[in-house]
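Note sheet for the following structure.
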Amino acid sequence: HWSPQFRPPKWQPRIETVFPAMVVKDPLTWMKSMCRNNYEAMFRHHPQHRGDLCPSPVDETRTTVRFQPTRHLKYDSLAHLYAEWNAAYLNVTFPRLVIRFEDLLFDTEPTIRTVCECVGGTMSNDFRQQESTAKTLREGHKGPVNDRDKALRLYSSEDERYAHYTDADLAFVADTIRPFGLLDLFGYGFHRTHPRRALLELSLARRGNLDSANSSRAPR
């Protein structure tokens with residue numbers, strides 16, 4: 001976020017006094033989150049990007065990010081935005097903290113405790129899990145937002161993770177992001193074909209081979 005657009009007075013920190021903390025997310029679920037709330041990233045060029053199939057086709061999501069009034073950043077796609085933006089936090093010489101969204105969601109208390117210890121603090125014993133949505137329309141969220149119960153169901157589903165992506169989308173995303181090392185580093189690897197679809201195709205192929213074999217053995 002560009003802080004001054006949300007909260008007066010305008011905040012202009014000295015960069016050497018800032019300890020950056022960034023939350024990174026699975027690229028397949030992150031791109032669909034961007035379809036619900038795109039913030040300052042403009043990428044909807046294909047008719048499908050305005051419906052339930054968003055963000056497919058991913059290779060047509062040319063993106064312009066306008067998080068500052070005088071600075072517009074351009075990316076070849078949402079996958080390029082993900083790769084280049086997150087890699088920029090890794091390829092630095094100053095201290096920074098990168099936290100996986102999924103650890104915050106599924107293993108909240110130990111993750112928060114680790115973060116506290118990392119910055120030299122101690123977590124309060126009065127830990128309370130946030131169950132309701134933490135996002136509001138006032139903070140740049142225009143589309144649907146999830147409470148924790150819905151998020152747990154959504155992000156624990158492999159079918160939801162792959163939903164709306166074609167094999168071409170998955171190949172494009174993998175080829176774009178993998179060279180940056182993010183998929184392996186954060187454990188976000190994925191199949192280039194939807195696993196359920198791949199199993200179905202394998203099953204049909206085996207059935208076809210079996211039918212052919214049975215046919216060749218049938219008496220003539």
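Chains: A, B, ... in order of the structure tokens. Residues: from 1 per chain. Ligands: from 1, in order shown.
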- Message: Quick one: residues within 10 Å of region 123-127 of chain A, only C-alpha atoms, excluding same-chain residues fewer than 2 positions away - as a PyMOL selection string?
- Response: chain A and resi 108-110+112-117+121+129-130
Any chance you could export the current selection's N, CA and C atoms as a compact mmCIF listing (two decimals), in the first residue's frame?
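Contents of result15.txt, freshly written:
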# COMPACT_ATOMS: atom_id res chain seq x y z
N THR A 108 -1.58 -20.38 13.08
CA THR A 108 -1.51 -18.96 13.42
C THR A 108 -0.65 -18.66 14.63
N GLU A 109 -0.96 -19.26 15.76
CA GLU A 109 -0.28 -18.89 17.00
C GLU A 109 1.23 -19.16 16.96
N PRO A 110 1.69 -20.35 16.54
CA PRO A 110 3.15 -20.55 16.46
C PRO A 110 3.83 -19.61 15.48
N ILE A 112 2.85 -16.50 14.67
CA ILE A 112 2.92 -15.17 15.28
C ILE A 112 4.00 -15.14 16.37
N ARG A 113 4.11 -16.22 17.11
CA ARG A 113 5.14 -16.29 18.16
C ARG A 113 6.55 -16.19 17.53
N THR A 114 6.75 -16.88 16.44
CA THR A 114 8.04 -16.83 15.75
C THR A 114 8.33 -15.44 15.23
N VAL A 115 7.32 -14.77 14.70
CA VAL A 115 7.50 -13.40 14.21
C VAL A 115 7.88 -12.48 15.36
N CYS A 116 7.20 -12.62 16.48
CA CYS A 116 7.51 -11.79 17.65
C CYS A 116 8.96 -11.99 18.09
N GLU A 117 9.38 -13.22 18.16
CA GLU A 117 10.75 -13.51 18.57
C GLU A 117 11.76 -12.99 17.55
N GLY A 121 10.66 -9.38 20.26
CA GLY A 121 9.56 -9.23 21.20
C GLY A 121 9.14 -10.54 21.82
N GLN A 129 -7.64 -15.70 18.50
CA GLN A 129 -7.71 -15.96 17.07
C GLN A 129 -8.75 -15.06 16.41
N GLN A 130 -8.37 -14.39 15.34
CA GLN A 130 -9.31 -13.57 14.59
C GLN A 130 -10.18 -14.49 13.74
- Message: So that I can check the surroundings of Phe106 (chain A), please list as a PyMOL selection string every protein, DNA and RNA residue that reaches within 10 Å of it, counting only C-alpha atoms and ignoring chain neighbours fewer than 6 positions away.
- Response: chain A and resi 148+151-152+155-156
- Message: I want to know what sits within 10 Å of Thr61 (chain A), based on only C-alpha atoms, with residues of the same chain fewer than 4 positions away left out; could you give that as a ChimeraX atom specification?
- Response: /A:42-46,49,54-57,75-81
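If only C-alpha atoms are the atoms counted, then among A:Phe180, A:Tyr188, A:Phe19, A:Phe172 the closest residue to Phe94 (chain A) is A:Phe19.
With distances restricted to only C-alpha atoms, A:Pro95 is the closest residue to Val119 (chain A) from A:Glu160, A:Pro95, A:Ser33, A:Gly181.
Coordinates place CA of Leu154 (chain A) at a distance of 16.9 Å from CA of Val24 (chain A).
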With a distance cut-off of 9 Å and only C-alpha atoms, select the neighbouring residues of His194 (chain A), excluding the residue or stretch itself and same-chain residues fewer than 4 positions from it, and output the selection as a compact mmCIF listing (two decimals) with N, CA and C atoms, in the first residue's frame.
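The new file part37.txt reads:
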# COMPACT_ATOMS: atom_id res chain seq x y z
N ASP A 159 -8.95 -28.82 -5.19
CA ASP A 159 -9.81 -28.49 -6.33
C ASP A 159 -9.96 -26.99 -6.49
N TYR A 162 -6.81 -25.30 -8.05
CA TYR A 162 -6.63 -25.45 -9.49
C TYR A 162 -7.83 -24.95 -10.31
N ALA A 163 -8.93 -24.63 -9.64
CA ALA A 163 -10.15 -24.26 -10.36
C ALA A 163 -9.92 -23.08 -11.30
N TYR A 165 -8.15 -22.77 -13.90
CA TYR A 165 -6.89 -22.73 -14.65
C TYR A 165 -6.88 -23.83 -15.70
N THR A 166 -6.51 -23.48 -16.92
CA THR A 166 -6.30 -24.48 -17.95
C THR A 166 -4.88 -25.02 -17.84
N ASP A 167 -4.60 -26.10 -18.56
CA ASP A 167 -3.23 -26.62 -18.58
C ASP A 167 -2.27 -25.57 -19.14
N LEU A 170 -1.43 -23.16 -16.33
CA LEU A 170 -0.51 -23.73 -15.35
C LEU A 170 0.91 -23.78 -15.91
N PHE A 190 3.41 -26.93 -8.13
CA PHE A 190 2.11 -27.44 -8.55
C PHE A 190 2.27 -28.22 -9.86
N ALA A 198 -5.81 -34.95 -14.68
CA ALA A 198 -4.77 -35.88 -15.11
C ALA A 198 -5.15 -37.32 -14.77
N LEU A 199 -5.73 -37.54 -13.58
CA LEU A 199 -6.15 -38.88 -13.20
C LEU A 199 -7.26 -39.39 -14.11
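For the choices A:Cys35, A:Ala41, A:Val23, A:Ile177, the atom-to-atom distance to Leu104 (chain A) is smallest for A:Val23 when using only C-alpha atoms.
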- Message: Calculated over only C-alpha atoms, which of the candidates A:Cys118, A:Leu97, A:Leu185, A:Ala171 has the smallest distance to Val18 (chain A)?
- Response: A:Leu97
- Query: Residues of region 35-179 of chain A in strand (DSSP E) according to DSSP, as number ranges by chain?
  - Reply: A: 41-42, 63-68, 71-75, 97-100
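Minimum distance to Lys25 (chain A) across A:Phe101, A:Tyr39, A:Tyr82, A:Phe186 (counting only C-alpha atoms) occurs at A:Phe101.
Here the question is which of A:Leu53, A:Leu28, A:Arg100, A:Glu40 gets nearest to Arg71 (chain A) using only C-alpha atoms, and that residue is A:Glu40.
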